[in-house]
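Listing of query28.txt, compact mmCIF, C-alpha atoms
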```txt
# COMPACT_ATOMS: atom_id res chain seq x y z
CA MET P 1 -16.48 32.30 -4.57
CA ALA P 2 -15.27 32.79 -0.99
CA ARG P 3 -12.90 30.15 0.32
CA LEU P 4 -14.71 27.53 2.37
CA PRO P 5 -13.61 27.73 6.01
CA ARG P 6 -12.08 24.54 7.35
CA LEU P 7 -14.32 22.34 9.44
CA THR P 8 -12.77 20.79 12.55
CA LEU P 9 -14.73 18.82 15.13
CA PRO P 10 -13.21 16.87 18.02
CA GLY P 11 -13.72 13.12 17.98
CA TYR P 12 -14.21 12.93 14.22
CA LEU P 13 -11.89 11.46 11.61
CA HIS P 14 -10.08 14.11 9.52
CA HIS P 15 -8.24 13.64 6.24
CA VAL P 16 -5.56 16.34 5.92
CA MET P 17 -3.46 17.18 2.88
CA GLN P 18 -0.67 19.72 2.40
CA ARG P 19 1.18 20.53 -0.82
CA GLY P 20 4.43 22.25 -1.63
CA ASN P 21 4.27 25.72 -3.15
CA ASN P 22 4.03 25.41 -6.95
CA ARG P 23 4.38 21.64 -6.42
CA GLN P 24 7.99 22.12 -5.35
CA PRO P 25 9.62 19.33 -3.32
CA LEU P 26 8.97 19.28 0.41
CA PHE P 27 11.58 16.59 0.98
CA VAL P 28 15.00 16.38 -0.64
CA ASP P 29 16.26 13.23 1.05
CA GLY P 30 15.62 10.79 3.87
CA GLU P 31 16.73 13.24 6.53
CA ASP P 32 13.92 15.60 5.51
CA PHE P 33 11.30 12.84 5.64
CA ARG P 34 12.52 11.80 9.08
CA ALA P 35 12.48 15.41 10.30
CA LEU P 36 8.79 15.88 9.48
CA LEU P 37 7.87 12.56 11.07
CA ALA P 38 9.80 13.50 14.22
CA LEU P 39 7.94 16.81 14.42
CA LEU P 40 4.64 15.00 13.94
CA ALA P 41 5.50 12.49 16.68
CA ASP P 42 6.49 15.27 19.09
CA ASN P 43 3.59 17.63 18.47
CA ALA P 44 0.58 15.35 17.94
CA PRO P 45 0.44 14.21 21.60
CA ARG P 46 0.92 17.77 22.83
CA CYS P 47 -2.02 18.90 20.73
CA GLY P 48 -4.18 15.93 21.67
CA VAL P 49 -4.35 14.58 18.13
CA ALA P 50 -4.30 10.86 17.31
CA VAL P 51 -2.41 10.00 14.10
CA HIS P 52 -3.86 6.93 12.41
CA ALA P 53 -2.03 6.98 9.08
CA TYR P 54 0.27 9.07 6.90
CA VAL P 55 2.03 9.12 3.58
CA LEU P 56 4.78 11.59 2.69
CA MET P 57 5.31 12.15 -1.03
CA ALA P 58 7.98 14.34 -2.62
CA ASN P 59 5.78 17.42 -2.96
CA HIS P 60 2.81 16.74 -0.68
CA PHE P 61 1.63 14.64 2.23
CA HIS P 62 -1.56 13.13 3.64
CA LEU P 63 -2.50 12.59 7.28
CA LEU P 64 -5.44 10.71 8.80
CA LEU P 65 -6.16 12.17 12.25
CA THR P 66 -8.66 12.36 15.09
CA PRO P 67 -8.34 15.53 17.21
CA GLY P 68 -9.42 15.37 20.83
CA THR P 69 -10.23 19.07 21.09
CA GLN P 70 -11.60 21.81 18.86
CA ASP P 71 -8.21 23.52 18.56
CA GLY P 72 -5.97 20.46 18.48
CA LEU P 73 -5.78 19.97 14.73
CA PRO P 74 -5.15 23.64 13.82
CA GLN P 75 -2.52 23.86 16.55
CA LEU P 76 -0.80 20.72 15.28
CA MET P 77 -0.72 21.88 11.68
CA GLN P 78 0.48 25.35 12.68
CA ALA P 79 3.34 23.90 14.73
CA LEU P 80 4.20 21.32 12.08
CA GLY P 81 4.15 23.88 9.28
CA ARG P 82 6.14 26.56 11.04
CA ARG P 83 8.83 24.32 12.50
CA TYR P 84 9.34 22.24 9.40
CA VAL P 85 9.77 25.35 7.22
CA GLN P 86 12.34 26.69 9.67
CA TYR P 87 14.20 23.39 9.58
CA PHE P 88 13.99 23.04 5.78
CA ASN P 89 15.07 26.60 5.00
CA ARG P 90 17.97 26.41 7.42
CA ARG P 91 19.19 23.06 6.15
CA HIS P 92 18.85 23.90 2.46
CA ALA P 93 19.96 27.56 2.68
CA ARG P 94 16.73 29.01 1.33
CA THR P 95 14.10 31.56 2.37
CA GLY P 96 10.43 32.09 1.86
CA THR P 97 7.33 29.97 1.94
CA LEU P 98 7.31 26.23 1.41
CA TRP P 99 3.60 25.45 1.48
CA GLU P 100 0.94 25.94 -1.17
CA GLY P 101 -1.28 28.11 1.00
CA ARG P 102 -3.17 26.63 3.91
CA TYR P 103 -3.52 22.91 4.49
CA ARG P 104 -6.66 21.18 3.26
CA SER P 105 -8.83 19.16 5.61
CA THR P 106 -12.14 17.34 5.59
CA LEU P 107 -14.19 15.12 7.88
CA LEU P 108 -14.80 11.49 7.01
CA GLN P 109 -17.37 9.03 8.29
CA ALA P 110 -14.99 6.63 10.02
CA GLU P 111 -17.18 3.54 9.68
CA ARG P 112 -17.35 4.02 5.93
CA TYR P 113 -14.02 5.62 5.03
CA LEU P 114 -11.30 4.99 7.64
CA LEU P 115 -9.94 1.80 6.10
CA PRO P 116 -10.48 2.88 2.46
CA CYS P 117 -8.63 6.14 3.18
CA MET P 118 -5.74 4.26 4.80
CA VAL P 119 -5.51 2.04 1.71
CA TYR P 120 -5.84 5.07 -0.59
CA MET P 121 -2.91 6.70 1.19
CA ASP P 122 -0.78 3.54 1.21
CA LEU P 123 -1.26 3.13 -2.54
CA ASN P 124 -0.34 6.73 -3.37
CA PRO P 125 3.32 5.80 -4.08
CA VAL P 126 2.17 2.83 -6.18
CA ARG P 127 -0.13 5.05 -8.27
CA ALA P 128 2.80 7.45 -8.74
CA ALA P 129 4.92 4.53 -10.02
CA LEU P 130 7.51 5.06 -7.29
CA VAL P 131 7.26 1.46 -6.07
CA ALA P 132 5.62 -1.76 -7.19
CA GLN P 133 4.02 -2.50 -3.82
CA ALA P 134 2.97 -0.36 -0.87
CA ALA P 135 5.35 -2.26 1.42
CA ASP P 136 8.30 -1.06 -0.69
CA TYR P 137 7.71 2.60 0.18
CA PRO P 138 9.42 3.69 3.42
CA TRP P 139 7.59 6.99 4.04
CA SER P 140 4.09 5.81 4.84
CA SER P 141 2.41 4.11 7.80
CA HIS P 142 1.76 0.97 5.75
CA ALA P 143 4.63 -1.03 7.24
CA HIS P 144 3.42 -0.33 10.78
CA TRP P 145 -0.07 -1.67 10.12
CA ARG P 146 1.42 -4.69 8.35
CA GLY P 147 3.56 -5.49 11.41
CA LEU P 148 6.80 -4.80 9.54
CA ARG P 149 7.93 -2.04 11.92
CA ASN P 150 6.69 -0.20 14.99
CA GLU P 151 6.08 3.57 15.06
CA ARG P 152 5.31 5.39 18.27
CA LEU P 153 3.51 8.25 16.54
CA LEU P 154 0.65 6.03 15.30
CA THR P 155 -2.56 5.34 17.20
CA PRO P 156 -4.75 2.43 16.10
CA HIS P 157 -8.37 3.32 15.40
CA ALA P 158 -11.05 1.04 16.85
CA LEU P 159 -12.01 0.01 13.32
CA TYR P 160 -8.48 -1.27 12.71
CA TRP P 161 -8.65 -3.30 15.94
CA ALA P 162 -11.92 -4.79 14.68
CA LEU P 163 -10.10 -6.40 11.74
CA GLY P 164 -9.04 -9.34 13.92
CA ASN P 165 -8.55 -10.73 17.41
CA THR P 166 -4.76 -10.96 17.21
CA PRO P 167 -2.03 -8.73 15.76
CA PHE P 168 -1.36 -11.32 13.05
CA ALA P 169 -5.05 -11.48 12.09
CA ARG P 170 -5.31 -7.69 11.89
CA GLU P 171 -2.13 -7.38 9.86
CA ALA P 172 -3.24 -10.10 7.44
CA ALA P 173 -6.70 -8.57 7.05
CA TYR P 174 -5.24 -5.14 6.40
CA ALA P 175 -2.77 -6.56 3.87
CA ALA P 176 -5.71 -8.10 2.03
CA LEU P 177 -7.48 -4.73 1.93
CA VAL P 178 -4.40 -3.07 0.42
CA GLN P 179 -4.04 -5.89 -2.07
CA ALA P 180 -7.67 -5.40 -3.15
CA GLY P 181 -7.13 -1.65 -3.51
CA VAL P 182 -9.65 1.18 -3.73
CA GLY P 183 -12.14 1.49 -6.57
CA ALA P 184 -11.95 4.41 -8.96
CA GLN P 185 -15.18 5.97 -7.66
CA GLU P 186 -14.10 5.73 -4.02
CA GLN P 187 -10.64 7.07 -4.87
CA ALA P 188 -12.17 10.04 -6.70
CA ALA P 189 -14.51 10.75 -3.76
CA LEU P 190 -11.63 10.76 -1.25
CA THR P 191 -9.56 13.05 -3.45
CA ALA P 192 -12.44 15.43 -4.14
CA SER P 193 -13.43 15.70 -0.48
CA ALA P 194 -9.85 16.48 0.58
CA LEU P 195 -9.53 19.20 -2.04
CA SER P 196 -12.98 20.74 -1.53
CA GLY P 197 -13.32 20.53 2.24
CA TRP P 198 -16.79 18.96 2.03
CA ALA P 199 -17.41 16.14 4.52
CA LEU P 200 -17.62 12.63 3.11
CA GLY P 201 -20.07 10.04 4.37
CA GLU P 202 -23.54 8.59 4.09
CA ALA P 203 -26.62 10.81 4.22
CA ALA P 204 -27.35 10.13 7.88
CA PHE P 205 -23.79 11.00 8.85
CA ILE P 206 -23.88 14.24 6.86
CA GLY P 207 -27.23 15.17 8.39
CA ASP P 208 -26.02 14.55 11.94
CA LEU P 209 -22.81 16.41 11.27
CA GLN P 210 -24.70 19.45 9.98
CA LYS P 211 -26.54 19.71 13.30
CA ARG P 212 -23.21 20.15 15.08
CA THR P 213 -21.91 23.16 13.15
CA PRO P 214 -23.30 26.29 11.44
CA ARG P 215 -20.79 25.80 8.62
CA ARG P 216 -22.20 23.86 5.65
CA VAL P 217 -20.67 20.40 5.55
CA ALA P 218 -21.78 19.32 2.08
CA PRO P 219 -22.55 21.13 -1.19
CA GLY P 220 -26.17 22.06 -1.81
CA ARG P 221 -28.14 21.00 -4.83
CA SER P 222 -27.54 23.01 -7.98
CA GLY P 223 -30.26 25.21 -9.40
CA ARG P 224 -32.77 27.60 -7.86
CA PRO P 225 -34.31 26.61 -4.52
CA ARG P 226 -37.94 25.56 -4.59
CA THR P 227 -40.63 27.88 -3.31
CA ALA P 228 -43.37 26.81 -0.92
CA SER P 229 -45.63 26.03 -3.91
CA GLY P 230 -43.01 23.70 -5.34
CA THR P 231 -42.29 25.81 -8.43
```
How does the structure come out when it is put into structure tokens?
Amino acid sequence: MARLPRLTLPGYLHHVMQRGNNRQPLFVDGEDFRALLALLADNAPRCGVAVHAYVLMANHFHLLLTPGTQDGLPQLMQALGRRYVQYFNRRHARTGTLWEGRYRSTLLQAERYLLPCMVYMDLNPVRAALVAQAADYPWSSHAHWRGLRNERLLTPHALYWALGNTPFAREAAYAALVQAGVGAQEQAALTASALSGWALGEAAFIGDLQKRTPRRVAPGRSGRPRTASGT
């Protein structure tokens, strides 16, 4: 089967994932984590991409983004990928590729999946048994949205603002969402959509999205298509 081309549409929420080649580490120590975040902070504004959330794991990372233009997201990921590999290879005296092929990306219905995807990302280190609580992991955006630190690279989505009328109310409401976690079915849907490239949302969202692009946004039904007679 031919590889599904990535779908990028300005103004829509995108869940992006990138892995290390053969699951090799992308980050050796704190300096490496900080280097990628610095590159993200420098290049996202230049490319017109809003960064809502991130989590950097040892051999992969997730980003939750809204591009302002058609080319913003590809340009950001190209710059991030190229410059980080140059930095990493130089610092660690190595050559060759670092990434497992191209990055993976999918569109999400923000009203349905923005907050669940943020929680899903925050809990990635907990699921990996790296920390007991999301707040204990330093390489995610969780602490920012909990009011524990301030990061200039992050842009609040309108749906995060809607959690409360004050910073304290929003932070408390978001903490409660993380404490409640993401259900197994929702977690599986977010993972599958990121890996497959199919958009994730309710039927009306998928239908509207399909009108905006010739590229299929969701898998078709299995089996032979019906004929006009219904057979």
- Message: Please determine, counting all atoms listed in the file, which residue among P:His142, P:His52, P:Arg149, P:Arg112 has the shortest atom-to-atom distance to Asn124 in chain P.
- Response: P:His142
- Message: Set the distance at 12 Å and use all atoms listed in the file: which residues neighbour range 178-180 of chain P once local chain neighbours fewer than 5 positions away are removed? I'd like the list as a VMD selection string.
- Response: chain P and resid 115 to 124 126 132 to 135 142 to 143 145 to 146 171 to 173
- Message: Under the rule that all atoms listed in the file are counted, which of P:Arg46, P:Arg127, P:Arg212, P:His14 is the nearest residue to Leu114 in chain P?
- Response: P:His14
- Message: Between P:His62, P:His92, P:Arg34, P:Arg6, which residue has the minimum interatomic distance to Pro74 in chain P, considering only C-alpha atoms?
- Response: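 Ranked by minimum distance to Pro74 in chain P, first place goes to P:Arg6.
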- Please provide as a ChimeraX atom specification all residues within 12 Å of range 200-206 of chain P, with the sequence filter that same-chain residues fewer than 2 positions apart are discarded (counting all atoms listed in the file). /P:12-15,105-114,117,186-198,208-213,216-220
- Could you state the separation of CA of Ser140 in chain P and CA of Ala53 in chain P in Å, given to one decimal place?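 Computing it gives 7.5 Å between the two atoms.
Checking P:Leu148, P:Ala58, P:Ala176, P:Ala162 one by one against Arg19 in chain P, counting only C-alpha atoms, you find the shortest gap at P:Ala58.
Using all atoms listed in the file for every distance, the candidate list P:Trp99, P:Tyr87, P:Tyr54, P:Tyr174 yields P:Tyr54 as the residue closest to Glu151 in chain P.
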